[in-house]
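*Asks:* I am sharing upload07.pdb, which consists of PDB, C-alpha atoms, pLDDT in the B column:
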```
MODEL        1
ATOM      1  CA  VAL A 246     115.545 113.774 106.381  1.00 69.00           C
ATOM      2  CA  GLN A 247     113.830 112.578 103.212  1.00 81.00           C
ATOM      3  CA  LEU A 248     110.145 112.990 102.538  1.00 88.00           C
ATOM      4  CA  GLN A 249     107.891 110.807 100.447  1.00 88.00           C
ATOM      5  CA  ALA A 250     104.468 111.940  99.338  1.00 92.00           C
ATOM      6  CA  SER A 251     101.816 109.412  98.368  1.00 94.00           C
ATOM      7  CA  GLY A 252      98.100 109.115  97.782  1.00 96.00           C
ATOM      8  CA  GLY A 253      97.766 110.762  94.403  1.00 97.00           C
ATOM      9  CA  GLY A 254      95.935 109.270  91.474  1.00 97.00           C
ATOM     10  CA  LEU A 255      93.280 109.731  88.825  1.00 98.00           C
ATOM     11  CA  VAL A 256      89.961 110.862  90.247  1.00 97.00           C
ATOM     12  CA  GLN A 257      86.715 112.381  89.054  1.00 97.00           C
ATOM     13  CA  VAL A 258      85.418 115.857  89.673  1.00 98.00           C
ATOM     14  CA  GLY A 259      83.898 116.022  93.133  1.00 97.00           C
ATOM     15  CA  ASP A 260      85.912 113.123  94.515  1.00 97.00           C
ATOM     16  CA  SER A 261      88.156 113.274  97.563  1.00 97.00           C
ATOM     17  CA  LEU A 262      91.769 112.332  98.125  1.00 96.00           C
ATOM     18  CA  ARG A 263      94.016 112.003 101.118  1.00 97.00           C
ATOM     19  CA  LEU A 264      97.660 112.703 100.465  1.00 97.00           C
ATOM     20  CA  SER A 265     100.249 111.552 102.961  1.00 94.00           C
ATOM     21  CA  CYS A 266     103.827 112.587 103.598  1.00 92.00           C
ATOM     22  CA  ALA A 267     106.168 110.327 105.532  1.00 85.00           C
ATOM     23  CA  ALA A 268     109.699 111.040 106.664  1.00 77.00           C
ATOM     24  CA  SER A 269     112.640 108.696 106.385  1.00 71.00           C
ATOM     25  CA  GLU A 270     113.864 109.876 109.734  1.00 67.00           C
ATOM     26  CA  ARG A 271     111.674 110.471 112.718  1.00 61.00           C
ATOM     27  CA  PRO A 272     110.711 112.599 114.327  1.00 60.00           C
ATOM     28  CA  PHE A 273     110.331 115.620 112.152  1.00 61.00           C
ATOM     29  CA  SER A 274     107.628 116.757 114.478  1.00 61.00           C
ATOM     30  CA  ARG A 275     109.596 119.839 115.417  1.00 74.00           C
ATOM     31  CA  ARG A 276     109.394 121.207 111.900  1.00 85.00           C
ATOM     32  CA  ASN A 277     106.706 123.266 110.304  1.00 91.00           C
ATOM     33  CA  MET A 278     105.321 121.405 107.305  1.00 91.00           C
ATOM     34  CA  GLY A 279     103.770 122.484 104.054  1.00 95.00           C
ATOM     35  CA  TRP A 280     102.096 121.192 100.935  1.00 97.00           C
ATOM     36  CA  PHE A 281     102.671 122.803  97.573  1.00 98.00           C
ATOM     37  CA  ARG A 282     101.606 121.896  94.066  1.00 98.00           C
ATOM     38  CA  GLN A 283     102.740 122.506  90.539  1.00 98.00           C
ATOM     39  CA  ALA A 284     100.409 122.199  87.592  1.00 97.00           C
ATOM     40  CA  PRO A 285     101.714 121.642  84.067  1.00 93.00           C
ATOM     41  CA  GLY A 286     103.162 124.835  82.674  1.00 95.00           C
ATOM     42  CA  LYS A 287     102.638 126.736  85.904  1.00 97.00           C
ATOM     43  CA  GLU A 288     104.754 127.785  88.818  1.00 97.00           C
ATOM     44  CA  ARG A 289     104.718 125.972  92.113  1.00 97.00           C
ATOM     45  CA  GLU A 290     102.106 127.326  94.490  1.00 97.00           C
ATOM     46  CA  PHE A 291     101.301 127.073  98.156  1.00 98.00           C
ATOM     47  CA  VAL A 292      98.488 124.744  99.187  1.00 98.00           C
ATOM     48  CA  ALA A 293      98.543 124.380 102.960  1.00 98.00           C
ATOM     49  CA  ALA A 294     100.830 124.525 105.981  1.00 97.00           C
ATOM     50  CA  ILE A 295     100.786 123.325 109.553  1.00 94.00           C
ATOM     51  CA  THR A 296     102.965 124.433 112.418  1.00 92.00           C
ATOM     52  CA  MET A 297     105.134 122.050 114.343  1.00 86.00           C
ATOM     53  CA  THR A 298     102.635 121.801 117.180  1.00 84.00           C
ATOM     54  CA  GLY A 299      99.721 121.328 114.815  1.00 86.00           C
ATOM     55  CA  ARG A 300      97.978 124.227 116.454  1.00 90.00           C
ATOM     56  CA  ASN A 301      97.963 126.550 113.457  1.00 94.00           C
ATOM     57  CA  ARG A 302      96.994 125.666 109.912  1.00 96.00           C
ATOM     58  CA  TYR A 303      96.969 127.844 106.833  1.00 97.00           C
ATOM     59  CA  TYR A 304      95.416 127.299 103.434  1.00 98.00           C
ATOM     60  CA  ALA A 305      95.508 128.817  99.997  1.00 98.00           C
ATOM     61  CA  ASP A 306      92.275 130.593  99.175  1.00 97.00           C
ATOM     62  CA  SER A 307      91.497 127.931  96.578  1.00 97.00           C
ATOM     63  CA  MET A 308      91.682 125.266  99.279  1.00 97.00           C
ATOM     64  CA  LYS A 309      89.793 126.878 102.120  1.00 96.00           C
ATOM     65  CA  GLY A 310      86.699 125.004 103.175  1.00 96.00           C
ATOM     66  CA  ARG A 311      87.483 121.850 101.248  1.00 97.00           C
ATOM     67  CA  SER A 312      90.850 120.718 102.503  1.00 98.00           C
ATOM     68  CA  THR A 313      92.418 119.786 105.823  1.00 97.00           C
ATOM     69  CA  ILE A 314      96.077 119.474 106.702  1.00 96.00           C
ATOM     70  CA  SER A 315      96.913 117.409 109.761  1.00 93.00           C
ATOM     71  CA  ARG A 316      99.778 115.831 111.592  1.00 88.00           C
ATOM     72  CA  ASP A 317      99.556 112.173 112.435  1.00 78.00           C
ATOM     73  CA  ARG A 318     101.893 111.204 115.172  1.00 69.00           C
ATOM     74  CA  ASP A 319     102.209 108.126 117.304  1.00 62.00           C
ATOM     75  CA  ASP A 320     104.989 105.946 118.630  1.00 53.00           C
ATOM     76  CA  THR A 321     105.789 104.460 115.255  1.00 54.00           C
ATOM     77  CA  GLU A 322     104.838 107.048 112.676  1.00 58.00           C
ATOM     78  CA  ASP A 323     105.149 110.723 112.057  1.00 69.00           C
ATOM     79  CA  SER A 324     103.443 112.009 108.956  1.00 81.00           C
ATOM     80  CA  VAL A 325     101.537 114.913 107.553  1.00 91.00           C
ATOM     81  CA  SER A 326      98.337 114.450 105.590  1.00 94.00           C
ATOM     82  CA  LEU A 327      96.316 116.609 103.257  1.00 97.00           C
ATOM     83  CA  GLN A 328      92.670 115.765 102.741  1.00 97.00           C
ATOM     84  CA  ILE A 329      91.150 117.414  99.665  1.00 98.00           C
ATOM     85  CA  ASN A 330      87.433 117.237  99.018  1.00 98.00           C
ATOM     86  CA  SER A 331      85.320 118.358  96.086  1.00 98.00           C
ATOM     87  CA  LEU A 332      88.227 118.042  93.688  1.00 98.00           C
ATOM     88  CA  LYS A 333      88.181 120.207  90.587  1.00 97.00           C
ATOM     89  CA  PRO A 334      90.030 119.925  87.271  1.00 97.00           C
ATOM     90  CA  GLU A 335      92.182 122.876  88.294  1.00 96.00           C
ATOM     91  CA  ASP A 336      93.472 120.817  91.212  1.00 98.00           C
ATOM     92  CA  THR A 337      95.370 118.672  88.745  1.00 98.00           C
ATOM     93  CA  ALA A 338      99.029 118.974  89.679  1.00 98.00           C
ATOM     94  CA  VAL A 339     101.988 117.290  91.276  1.00 98.00           C
ATOM     95  CA  TYR A 340     101.688 117.746  95.011  1.00 98.00           C
ATOM     96  CA  PHE A 341     104.804 118.110  97.127  1.00 97.00           C
ATOM     97  CA  CYS A 342     105.246 118.020 100.854  1.00 95.00           C
ATOM     98  CA  ALA A 343     108.021 120.010 102.423  1.00 94.00           C
ATOM     99  CA  ALA A 344     109.670 120.395 105.789  1.00 91.00           C
ATOM    100  CA  GLY A 345     110.482 123.875 106.950  1.00 88.00           C
ATOM    101  CA  GLY A 346     112.032 125.474 109.945  1.00 82.00           C
ATOM    102  CA  THR A 347     111.497 124.933 113.601  1.00 82.00           C
ATOM    103  CA  GLY A 348     109.954 127.326 116.042  1.00 83.00           C
ATOM    104  CA  VAL A 349     107.385 129.979 115.500  1.00 84.00           C
ATOM    105  CA  GLN A 350     107.156 131.307 111.971  1.00 87.00           C
ATOM    106  CA  SER A 351     104.820 133.852 110.469  1.00 91.00           C
ATOM    107  CA  GLN A 352     101.992 132.879 108.191  1.00 92.00           C
ATOM    108  CA  ASN A 353     103.670 134.682 105.309  1.00 93.00           C
ATOM    109  CA  LEU A 354     106.818 132.680 105.852  1.00 92.00           C
ATOM    110  CA  LEU A 355     104.919 129.411 106.007  1.00 94.00           C
ATOM    111  CA  ARG A 356     103.293 130.216 102.680  1.00 95.00           C
ATOM    112  CA  ALA A 357     106.647 130.753 100.981  1.00 94.00           C
ATOM    113  CA  GLY A 358     108.317 127.842  99.256  1.00 92.00           C
ATOM    114  CA  ALA A 359     111.729 129.311  99.930  1.00 91.00           C
ATOM    115  CA  ASN A 360     111.142 128.715 103.629  1.00 91.00           C
ATOM    116  CA  TYR A 361     111.249 124.963 103.182  1.00 93.00           C
ATOM    117  CA  GLY A 362     114.581 123.217 103.009  1.00 91.00           C
ATOM    118  CA  THR A 363     113.490 119.625 102.460  1.00 91.00           C
ATOM    119  CA  TRP A 364     111.125 118.484  99.712  1.00 93.00           C
ATOM    120  CA  GLY A 365     109.536 115.185  98.827  1.00 90.00           C
ATOM    121  CA  GLN A 366     109.380 113.763  95.311  1.00 90.00           C
ATOM    122  CA  GLY A 367     105.745 114.623  94.784  1.00 94.00           C
ATOM    123  CA  THR A 368     102.611 112.716  93.969  1.00 97.00           C
ATOM    124  CA  LEU A 369     100.489 113.339  90.893  1.00 98.00           C
ATOM    125  CA  VAL A 370      96.825 114.183  91.252  1.00 98.00           C
ATOM    126  CA  THR A 371      94.753 114.180  88.082  1.00 98.00           C
ATOM    127  CA  VAL A 372      91.147 115.292  88.247  1.00 98.00           C
ATOM    128  CA  SER A 373      89.106 114.231  85.266  1.00 96.00           C
ATOM    129  CA  SER A 374      85.902 115.892  84.214  1.00 90.00           C
TER     130      SER A 374
ENDMDL
END
```
Mind turning the file's structure into structure tokens?
*Replies:*
Amino acid sequence: VQLQASGGGLVQVGDSLRLSCAASERPFSRRNMGWFRQAPGKEREFVAAITMTGRNRYYADSMKGRSTISRDRDDTEDSVSLQINSLKPEDTAVYFCAAGGTGVQSQNLLRAGANYGTWGQGTLVTVSS
């Protein structure tokens, strides 16, 4: 399966963005999914994750209260979205979606990049002050 993230762009402080991640092969609904980001000169970091059922969602502390990860699934589409509100300059980064394992996984595992075997190309988010 190949993943493609989209929705990034240049925004102002306080704006909102909705990032989407679509798969080349469907369904990937049985996989746990995550969003990560990498800012210039920094290591990749966890942003949010959602379990395969969509029942459980986890966020980085920096994202709690202002972001929502969701699965969008119907007969023709299977994607994962990340809504980010109240964007800050420190949110500037390339955002990647990733597909992980199937079945029940711990929160710690879902927060770890090494858990994810398939990565999208990333979409750049630039927050201007």
*Asks:* Quick one: of A:Lys333, A:Arg302, A:Arg263, A:Arg289, who's nearest to Asn277 of chain A, counting only C-alpha atoms?
*Replies:*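 Closest residue, counting only C-alpha atoms: A:Arg302.
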*Asks:* For Thr337 of chain A, which residue out of A:Gly259, A:Pro285, A:Gly252, A:Gly358 is the nearest one, using all atoms listed in the file?
*Replies:*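 Checking each candidate against Thr337 of chain A, we get A:Pro285 as the closest.
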*Asks:* Please list as a list in words every residue within 12 Å of Ala338 of chain A, counting only C-alpha atoms and excluding residues in the same chain fewer than 3 positions away.
*Replies:*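 Contacts, with the query itself left out: Gly253, Gly254, Leu255, Trp280, Phe281, Arg282, Gln283, Ala284, Pro285, Gly286, Lys287, Glu288, Arg289, Glu290, Phe291, Val292, Leu332, Lys333, Pro334, Glu335, Phe341, Gly367, Thr368, Leu369, Val370, Thr371, Val372 and Ser373 of chain A.
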*Asks:* Can you turn the PyMOL selection byres ((chain A and resi 357) around 10) into a concrete residue list for this file, as a list in words?
*Replies:*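 Residues picked by the PyMOL selection byres ((chain A and resi 357) around 10): Gly279, Phe281, Glu290, Phe291, Ala294, Gly345, Gln352, Asn353, Leu354, Leu355, Arg356, Gly358, Ala359, Asn360 and Tyr361 of chain A.
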*Asks:* Which protein, DNA or RNA residues have an atom at most 12 Å from (95.8, 123.9, 113.5), counting all atoms listed in the file? List them as a PyMOL selection string.
*Replies:* chain A and resi 277-278+293-304+313-316
*Asks:* Which one of A:Ala344, A:Leu262, A:Val325, A:Gly365 sits closest to Arg311 of chain A if you count only C-alpha atoms?
*Replies:*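 Counting only C-alpha atoms, the residue closest to Arg311 of chain A is A:Leu262.
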*Asks:* Evaluating the PyMOL selection byres ((chain A and resi 266) around 8) on the displayed file yields which residues, as an MDAnalysis selection string?
*Replies:* chainID A and resid 248:251 264:265 267:268 324:326 342 365
